[in-house]
>>> print(open('target_31.cif').read())   # mmCIF, C-alpha atoms and all ligand atoms
data_query
#
loop_
_atom_site.label_atom_id
_atom_site.label_comp_id
_atom_site.auth_asym_id
_atom_site.auth_seq_id
_atom_site.Cartn_x
_atom_site.Cartn_y
_atom_site.Cartn_z
CA MET Q 1 196.20 152.20 177.35
CA GLY Q 2 196.15 149.69 174.49
CA LEU Q 3 198.48 146.73 174.08
CA PHE Q 4 200.86 148.59 171.74
CA ASP Q 5 201.30 151.49 174.17
CA ARG Q 6 201.72 149.19 177.15
CA LEU Q 7 204.38 147.19 175.33
CA LYS Q 8 206.10 150.31 174.07
CA THR Q 9 206.44 151.50 177.67
CA ARG Q 10 207.19 148.21 179.40
CA LEU Q 11 209.64 146.98 176.75
CA GLY Q 12 211.34 150.35 176.76
CA ARG Q 13 214.88 149.05 177.02
CA THR Q 14 214.58 146.75 174.02
CA ARG Q 15 212.69 149.47 172.15
CA SER Q 16 215.37 151.98 172.90
CA ALA Q 17 218.17 149.63 171.81
CA LEU Q 18 216.44 148.93 168.50
CA ALA Q 19 214.31 151.90 167.54
CA ASP Q 20 216.56 154.65 168.92
CA GLY Q 21 219.55 152.75 167.58
CA ILE Q 22 218.07 152.85 164.08
CA SER Q 23 217.38 156.58 164.34
CA GLY Q 24 221.01 156.96 165.32
CA LEU Q 25 222.21 155.18 162.19
CA PHE Q 26 220.42 157.66 159.96
CA ARG Q 27 221.45 160.73 161.94
CA GLY Q 28 222.79 163.65 159.92
CA GLY Q 29 220.85 162.65 156.81
CA ARG Q 30 222.95 159.55 156.23
CA GLU Q 31 221.75 157.37 153.36
CA MET Q 32 221.31 153.65 153.14
CA ASP Q 33 224.36 151.78 151.91
CA ALA Q 34 226.30 148.58 152.63
CA ALA Q 35 228.12 150.13 155.58
CA LEU Q 36 224.87 151.19 157.19
CA LEU Q 37 223.41 147.73 156.67
CA GLY Q 38 226.46 146.30 158.42
CA GLU Q 39 225.93 148.60 161.38
CA LEU Q 40 222.26 147.68 161.45
CA GLU Q 41 223.16 144.00 161.61
CA GLU Q 42 225.45 144.67 164.54
CA LEU Q 43 222.71 146.61 166.29
CA LEU Q 44 220.24 143.75 165.81
CA TYR Q 45 222.82 141.28 166.97
CA ASN Q 46 223.41 143.29 170.13
CA ALA Q 47 219.66 143.21 170.82
CA ASP Q 48 220.04 139.40 170.93
CA LEU Q 49 218.35 138.59 167.64
CA GLY Q 50 221.03 135.97 166.99
CA SER Q 51 220.92 134.36 163.54
CA VAL Q 52 217.73 136.27 162.77
CA ALA Q 53 219.85 139.47 162.60
CA SER Q 54 221.74 138.41 159.47
CA GLU Q 55 218.62 136.98 157.80
CA VAL Q 56 216.74 140.20 158.29
CA VAL Q 57 219.64 142.25 156.97
CA GLU Q 58 219.80 140.01 153.88
CA ASP Q 59 216.12 140.78 153.26
CA LEU Q 60 216.85 144.47 153.58
CA SER Q 61 219.92 144.25 151.39
CA ARG Q 62 217.88 142.68 148.57
CA LYS Q 63 215.32 145.45 148.88
CA HIS Q 64 218.05 148.06 148.83
CA LYS Q 65 219.53 146.60 145.64
CA ARG Q 66 216.12 146.80 144.03
CA GLY Q 67 216.01 150.47 144.97
CA GLU Q 68 213.15 149.97 147.39
CA LEU Q 69 214.98 151.10 150.49
CA ASN Q 70 215.98 154.70 150.66
CA GLY Q 71 215.54 156.43 153.94
CA GLU Q 72 214.86 155.69 157.56
CA ALA Q 73 211.10 155.23 157.14
CA ASP Q 74 211.54 152.62 154.38
CA THR Q 75 214.07 150.78 156.49
CA ARG Q 76 211.84 150.71 159.53
CA ASP Q 77 208.92 149.42 157.46
CA ALA Q 78 211.03 146.74 155.80
CA LEU Q 79 212.49 145.70 159.13
CA ARG Q 80 209.05 145.47 160.67
CA ALA Q 81 207.81 143.26 157.82
CA SER Q 82 210.87 141.06 157.87
CA LEU Q 83 210.74 140.54 161.64
CA LEU Q 84 207.03 139.87 161.64
CA ALA Q 85 207.46 137.26 158.92
CA ARG Q 86 209.73 135.39 161.32
CA LEU Q 87 207.19 135.08 164.07
CA PRO Q 88 204.63 132.29 163.95
CA GLU Q 89 200.98 132.58 163.22
CA VAL Q 90 200.11 130.48 166.25
CA TRP Q 91 199.92 132.68 169.30
CA GLY Q 92 197.68 133.98 171.97
CA GLU Q 93 195.38 132.62 174.56
CA ILE Q 94 194.62 128.90 174.60
CA GLU Q 95 191.09 127.66 174.25
CA PHE Q 96 189.68 126.15 177.38
CA THR Q 97 188.11 123.11 175.87
CA HIS Q 98 188.43 120.93 178.97
CA THR Q 99 186.95 121.35 182.42
CA PRO Q 100 189.18 121.59 184.22
CA THR Q 101 191.94 122.60 181.84
CA VAL Q 102 195.18 121.58 183.53
CA ILE Q 103 198.31 123.65 182.97
CA LEU Q 104 201.67 122.48 184.30
CA VAL Q 105 204.31 125.19 184.62
CA VAL Q 106 208.01 124.28 184.51
CA GLY Q 107 211.41 125.92 184.20
CA VAL Q 108 214.79 126.53 185.77
CA ASN Q 109 215.23 128.17 189.18
CA GLY Q 110 214.12 131.74 189.41
CA SER Q 111 212.86 131.98 185.82
CA GLY Q 112 209.57 133.49 187.00
CA LYS Q 113 207.28 130.46 187.27
CA THR Q 114 205.44 131.35 190.47
CA THR Q 115 205.03 135.01 189.50
CA SER Q 116 203.77 134.05 186.04
CA ILE Q 117 201.28 131.60 187.59
CA ALA Q 118 200.01 134.33 189.89
CA LYS Q 119 199.54 136.57 186.86
CA LEU Q 120 197.81 133.84 184.85
CA ALA Q 121 195.52 133.03 187.78
CA HIS Q 122 194.66 136.71 188.07
CA ARG Q 123 194.07 136.97 184.34
CA PHE Q 124 191.84 133.89 184.08
CA HIS Q 125 189.96 134.86 187.25
CA SER Q 126 189.29 138.31 185.76
CA GLN Q 127 187.87 136.55 182.71
CA GLY Q 128 185.33 134.94 184.99
CA LYS Q 129 186.97 131.54 185.20
CA HIS Q 130 187.05 129.49 188.37
CA VAL Q 131 190.77 129.04 189.02
CA LEU Q 132 192.73 126.72 191.29
CA VAL Q 133 196.50 126.79 191.74
CA GLY Q 134 198.46 123.82 193.04
CA ALA Q 135 201.72 124.38 194.93
CA CYS Q 136 203.76 121.42 193.68
CA ASP Q 137 207.01 123.14 194.68
CA THR Q 138 207.28 121.47 198.07
CA TYR Q 139 211.03 121.89 198.44
CA ARG Q 140 210.80 125.22 200.19
CA ALA Q 141 207.95 126.23 202.50
CA ALA Q 142 208.44 129.74 201.18
CA ALA Q 143 207.46 128.60 197.69
CA ALA Q 144 203.95 127.57 198.74
CA GLU Q 145 203.64 130.67 200.92
CA GLN Q 146 204.57 132.88 197.98
CA LEU Q 147 201.88 131.26 195.86
CA GLU Q 148 199.37 131.46 198.71
CA ILE Q 149 199.86 135.20 199.06
CA TRP Q 150 199.37 135.73 195.33
CA ALA Q 151 196.33 133.43 195.30
CA ALA Q 152 194.70 135.34 198.16
CA ARG Q 153 195.31 138.62 196.37
CA SER Q 154 193.56 137.49 193.22
CA GLU Q 155 190.94 135.51 195.13
CA VAL Q 156 191.73 132.14 193.61
CA GLU Q 157 191.89 128.88 195.51
CA ILE Q 158 195.06 126.98 196.30
CA VAL Q 159 196.01 123.42 197.21
CA ARG Q 160 199.21 123.18 199.20
CA LYS Q 161 200.87 120.67 201.50
CA ASP Q 162 203.71 120.76 203.96
CA GLU Q 163 207.30 121.19 202.94
CA GLY Q 164 208.74 117.90 201.74
CA ALA Q 165 205.43 116.45 200.54
CA ASP Q 166 205.44 114.55 197.25
CA PRO Q 167 204.86 117.11 194.46
CA ALA Q 168 202.84 114.55 192.52
CA SER Q 169 200.48 114.13 195.47
CA VAL Q 170 199.85 117.88 195.48
CA ALA Q 171 199.05 117.67 191.78
CA PHE Q 172 196.71 114.74 192.42
CA GLU Q 173 194.90 116.55 195.20
CA SER Q 174 194.62 119.72 193.12
CA LEU Q 175 192.85 117.80 190.37
CA GLU Q 176 190.63 116.01 192.81
CA THR Q 177 189.61 119.31 194.40
CA ALA Q 178 188.96 120.87 191.00
CA LEU Q 179 186.78 117.97 189.92
CA VAL Q 180 184.71 118.21 193.09
CA LEU Q 181 184.41 121.99 193.19
CA GLY Q 182 184.10 122.47 189.44
CA HIS Q 183 187.12 124.64 188.68
CA ASP Q 184 187.66 125.63 185.06
CA VAL Q 185 191.44 125.87 185.24
CA VAL Q 186 194.11 124.23 187.39
CA ILE Q 187 197.60 125.74 187.24
CA LEU Q 188 200.36 123.68 188.82
CA ASP Q 189 203.50 125.38 190.08
CA THR Q 190 206.69 123.32 190.24
CA ALA Q 191 210.13 123.76 191.75
CA GLY Q 192 212.89 125.12 189.54
CA ARG Q 193 215.15 122.53 187.95
CA LEU Q 194 217.83 122.02 185.34
CA HIS Q 195 217.47 119.57 182.49
CA THR Q 196 220.58 117.79 183.85
CA GLN Q 197 218.96 116.95 187.21
CA THR Q 198 217.70 113.53 186.25
CA ASN Q 199 215.78 112.86 189.45
CA LEU Q 200 213.97 116.19 189.22
CA MET Q 201 213.13 115.63 185.57
CA ASP Q 202 211.78 112.20 186.53
CA GLU Q 203 209.71 113.93 189.16
CA LEU Q 204 208.14 116.14 186.48
CA ARG Q 205 207.30 113.08 184.44
CA LYS Q 206 205.76 111.51 187.55
CA ILE Q 207 203.56 114.59 188.02
CA GLN Q 208 202.52 114.28 184.36
CA ARG Q 209 201.71 110.59 184.82
CA VAL Q 210 199.67 111.11 187.97
CA VAL Q 211 197.77 113.98 186.38
CA SER Q 212 196.99 112.00 183.23
CA ARG Q 213 195.72 109.08 185.30
CA LYS Q 214 193.36 111.36 187.16
CA ILE Q 215 192.14 113.21 184.07
CA GLU Q 216 192.67 111.70 180.66
CA GLY Q 217 194.58 114.01 178.36
CA ALA Q 218 195.87 116.16 181.23
CA PRO Q 219 198.04 118.12 181.61
CA HIS Q 220 196.50 119.85 178.61
CA GLU Q 221 199.30 122.38 178.52
CA VAL Q 222 202.90 122.32 179.78
CA TRP Q 223 204.38 125.79 179.77
CA LEU Q 224 208.06 126.49 180.09
CA VAL Q 225 208.93 129.82 181.68
CA LEU Q 226 212.09 131.41 180.29
CA ASP Q 227 213.88 134.36 181.85
CA GLY Q 228 213.95 136.97 179.09
CA THR Q 229 216.95 138.75 180.59
CA ASN Q 230 219.05 135.73 179.57
CA GLY Q 231 218.69 136.70 175.94
CA GLN Q 232 220.19 134.15 173.59
CA ASN Q 233 221.08 131.89 176.52
CA ALA Q 234 217.37 131.36 177.06
CA VAL Q 235 217.26 129.78 173.60
CA GLN Q 236 219.77 127.12 174.55
CA GLN Q 237 218.05 126.54 177.89
CA ALA Q 238 214.69 126.09 176.19
CA ARG Q 239 216.11 123.64 173.71
CA LEU Q 240 217.61 121.44 176.43
CA PHE Q 241 214.51 121.59 178.60
CA THR Q 242 212.13 120.70 175.80
CA GLU Q 243 214.25 117.70 174.90
CA ALA Q 244 213.72 116.32 178.40
CA VAL Q 245 210.02 116.98 178.89
CA ASP Q 246 207.07 117.56 176.56
CA VAL Q 247 206.43 121.27 176.56
CA THR Q 248 203.50 122.79 174.64
CA GLY Q 249 204.13 126.50 175.01
CA LEU Q 250 206.40 129.19 176.38
CA ILE Q 251 206.19 132.18 178.67
CA VAL Q 252 209.04 134.66 178.44
CA SER Q 253 209.32 136.63 181.68
CA LYS Q 254 211.09 139.82 182.77
CA LEU Q 255 211.12 141.49 179.36
CA ASP Q 256 210.70 144.83 181.13
CA GLY Q 257 214.16 144.70 182.65
CA THR Q 258 216.23 143.98 179.59
CA ALA Q 259 217.41 145.30 176.25
CA ARG Q 260 217.66 141.70 175.07
CA GLY Q 261 213.99 141.26 174.12
CA GLY Q 262 215.05 140.45 170.57
CA ALA Q 263 215.80 136.97 171.87
CA ILE Q 264 212.11 136.18 171.34
CA PHE Q 265 212.88 135.73 167.63
CA GLY Q 266 215.58 133.13 168.29
CA ILE Q 267 213.39 131.40 170.84
CA GLU Q 268 210.55 131.05 168.36
CA ARG Q 269 212.92 129.87 165.68
CA GLU Q 270 214.97 127.39 167.66
CA VAL Q 271 212.37 125.97 169.99
CA GLY Q 272 209.49 125.79 167.56
CA LEU Q 273 206.86 126.32 170.26
CA PRO Q 274 204.46 129.24 170.56
CA VAL Q 275 205.26 132.00 173.02
CA ARG Q 276 201.90 132.38 174.74
CA TYR Q 277 202.60 135.18 177.20
CA ILE Q 278 205.31 137.63 178.11
CA GLY Q 279 206.05 139.06 181.53
CA THR Q 280 206.51 142.81 181.58
CA GLY Q 281 206.95 143.55 185.29
CA GLU Q 282 206.55 142.22 188.79
CA ALA Q 283 202.96 143.25 189.42
CA MET Q 284 200.06 140.89 188.95
CA GLU Q 285 198.64 142.55 185.87
CA LEU Q 286 201.97 142.75 184.04
CA LEU Q 287 201.50 139.73 181.81
CA GLU Q 288 200.57 140.17 178.17
CA VAL Q 289 199.43 137.80 175.48
CA PHE Q 290 202.28 137.55 173.03
CA GLU Q 291 200.86 139.24 169.97
CA PRO Q 292 203.54 139.34 167.23
CA GLN Q 293 202.28 142.44 165.43
CA ALA Q 294 202.00 144.55 168.59
CA PHE Q 295 205.33 143.24 169.84
CA VAL Q 296 207.22 144.11 166.66
CA ASP Q 297 205.48 147.49 166.34
CA ALA Q 298 206.34 148.31 169.97
CA ILE Q 299 210.03 147.41 169.84
CA LEU Q 300 210.48 149.42 166.63
CA ALA Q 301 208.37 152.37 167.68
CA GLU Q 302 209.96 155.80 167.64
CA ALA Q 303 210.22 157.50 171.03
N1 LIG J 1 210.79 142.70 186.41
C1 LIG J 1 210.19 141.50 186.39
N2 LIG J 1 210.46 140.62 187.36
C2 LIG J 1 209.86 139.43 187.31
C3 LIG J 1 208.97 139.06 186.28
N3 LIG J 1 208.56 137.81 186.51
C4 LIG J 1 209.16 137.41 187.65
N4 LIG J 1 209.96 138.37 188.13
C5 LIG J 1 210.81 138.34 189.34
O1 LIG J 1 211.72 137.28 189.24
C6 LIG J 1 211.99 136.73 190.52
C7 LIG J 1 211.77 135.24 190.51
O2 LIG J 1 210.40 135.00 190.26
P1 LIG J 1 209.66 133.69 190.76
O3 LIG J 1 208.29 133.77 190.19
O4 LIG J 1 209.80 133.49 192.20
O5 LIG J 1 210.51 132.60 189.98
P2 LIG J 1 210.38 131.02 190.08
O6 LIG J 1 210.67 130.49 188.73
O7 LIG J 1 209.08 130.65 190.68
O8 LIG J 1 211.57 130.68 191.09
P3 LIG J 1 211.85 129.29 191.84
O9 LIG J 1 210.55 128.79 192.34
O10 LIG J 1 212.81 129.67 192.92
O11 LIG J 1 212.48 128.38 190.82
C8 LIG J 1 211.07 137.48 191.49
O12 LIG J 1 211.82 138.48 192.12
C9 LIG J 1 210.00 138.08 190.59
O13 LIG J 1 209.46 139.25 191.10
C10 LIG J 1 208.70 140.02 185.23
O14 LIG J 1 207.98 139.81 184.26
N5 LIG J 1 209.36 141.21 185.36
MG MG J 2 208.62 129.40 192.27
#
>>> encode(input="target_31.cif", output="structure tokens", more="lines below")
Ligand SMILES: Nc1nc2c(ncn2[C@@H]2O[C@H](COP(=O)(O)OP(=O)(O)OP(=O)(O)O)[C@@H](O)[C@H]2O)c(=O)[nH]1
Ligand SMILES: [Mg+2]
Amino acid sequence: MGLFDRLKTRLGRTRSALADGISGLFRGGREMDAALLGELEELLYNADLGSVASEVVEDLSRKHKRGELNGEADTRDALRASLLARLPEVWGEIEFTHTPTVILVVGVNGSGKTTSIAKLAHRFHSQGKHVLVGACDTYRAAAAEQLEIWAARSEVEIVRKDEGADPASVAFESLETALVLGHDVVILDTAGRLHTQTNLMDELRKIQRVVSRKIEGAPHEVWLVLDGTNGQNAVQQARLFTEAVDVTGLIVSKLDGTARGGAIFGIEREVGLPVRYIGTGEAMELLEVFEPQAFVDAILAEA
């Protein structure tokens, strides 16, 4: 199954809200007019497109006035083009220009950090890379255990310490191990935190400092994991988090369980960072590169 088909299936709830919703608007041979555009805007708004909803409808309205928008097919095409134009051209897999490439993963509690790391480790391992994960969430023993189970499943190595250990020391040891054993990628898991928890945000900065002292330029990537089921609230969360710590990219998780996948547009707009990957389920292989064209095609695809 190709990316488009996988996304169409896994993002079924968002697809249904948007694509089936649009079919519904045109039911009974209804023609495009101002009222229909208004209903379309509402539909987009309900799929959590936020301010992007009205912008897109303005695009469509201009086209309609020029006589370029008649039926359902025209509308779908115009919508696709307008949505795609609002996604960035920077996307996709990073280039591994450093050995090891160090990726620090951050986010609020339960956003999907550990699961996403497991998926990334699995992905990079499948690409033939030598992967190490570091369990810098030392607050709960269960956190390191969770990562250990995932690591064993995808046959990647892990550095962990006892509960209560200094997270920065786990990061340090992870890098040291990777330098000795020649890992290509080090992915560091961290405990969930809110941007308001000053001590925990300081702790993140300490991890960054320790890592950069061990390897110049590291961490090469800092990825913020956002829970996609939060819709527009994820936008606000991302904004606050990125003000407190330097983030280089985003992962939006749990897009399989929500009709609010349209929030991706607001996230891109408001946060101004590339969405690198999206989570489309709990299993290890359910992580996809965020590819704008396939994403837009999938969420607008007819059943
Ligand atoms: N359906 C679905 N569930 C997901 C996805 N990603 C993560 N989850 C679930 O979300 C829950 C939390 O995931 P974790 O990876 O433990 O989240 P975390 O950010 O590490 O949590 P803390 O370490 O407690 O802050 C788990 O039940 C995961 O199975 C996804 O893409 N789809
Ligand atoms: Mg975790």
>>> residues_around(input="target_31.cif", residues="Q:Lys206", least_positions_apart="4", cutoff="8 Å", atoms="all atoms listed in the file", output="ChimeraX atom specification")
/Q:168,202,210
>>> residues_around(input="target_31.cif", residues="Q:Thr280", least_positions_apart="6", cutoff="12 Å", atoms="all atoms listed in the file", output="PyMOL selection string")
chain Q and resi 3+6-14+112+115-116+119+227-229+251-258+261+286-290+295
>>> residues_near_ligand(input="target_31.cif", ligand="ligand MG 2 (chain J)", cutoff="7 Å", atoms="all atoms listed in the file", output="VMD selection string")
chain Q and resid 110 112 to 114 137 143 189 to 192
>>> atom_distance(input="target_31.cif", atom1="atom CA of Q:His130", atom2="atom CA of Q:Pro167")
22.5 Å
>>> residues_near_point(input="target_31.cif", point="(211.3, 136.8, 159.1)", cutoff="12 Å", atoms="all atoms listed in the file", output="number ranges by chain")
Q: 49, 51-60, 78-89, 265-266, 268-269, 292, 296
>>> residues_around(input="target_31.cif", residues="Q:Arg76", least_positions_apart="5", cutoff="10 Å", atoms="only C-alpha atoms", output="list of chain:residue names")
Q:Ala19, Q:Ile22, Q:Ser23, Q:Leu60, Q:Leu69, Q:Gly71, Q:Ala81, Q:Ser82, Q:Asp297, Q:Leu300, Q:Ala301, Q:Glu302
>>> write_last_selection(input="target_31.cif", atoms="C-alpha atoms", output="PDB file, in the frame of the given file")
ATOM      1  CA  ALA Q  19     214.310 151.900 167.540  1.00  0.00           C
ATOM      2  CA  ILE Q  22     218.070 152.850 164.080  1.00  0.00           C
ATOM      3  CA  SER Q  23     217.380 156.580 164.340  1.00  0.00           C
ATOM      4  CA  LEU Q  60     216.850 144.470 153.580  1.00  0.00           C
ATOM      5  CA  LEU Q  69     214.980 151.100 150.490  1.00  0.00           C
ATOM      6  CA  GLY Q  71     215.540 156.430 153.940  1.00  0.00           C
ATOM      7  CA  ALA Q  81     207.810 143.260 157.820  1.00  0.00           C
ATOM      8  CA  SER Q  82     210.870 141.060 157.870  1.00  0.00           C
ATOM      9  CA  ASP Q 297     205.480 147.490 166.340  1.00  0.00           C
ATOM     10  CA  LEU Q 300     210.480 149.420 166.630  1.00  0.00           C
ATOM     11  CA  ALA Q 301     208.370 152.370 167.680  1.00  0.00           C
ATOM     12  CA  GLU Q 302     209.960 155.800 167.640  1.00  0.00           C
TER      13      GLU Q 302
END
>>> atom_distance(input="target_31.cif", atom1="atom CA of Q:Leu37", atom2="atom CA of Q:Arg66")
14.6 Å
>>> closest_residue(input="target_31.cif", among="Q:Val170, Q:Ala303, Q:Met201, Q:Ile267", to="Q:Leu188", atoms="only C-alpha atoms")
Q:Val170
>>> atom_distance(input="target_31.cif", atom1="atom CA of Q:Leu194", atom2="atom CA of Q:Leu240")
8.9 Å
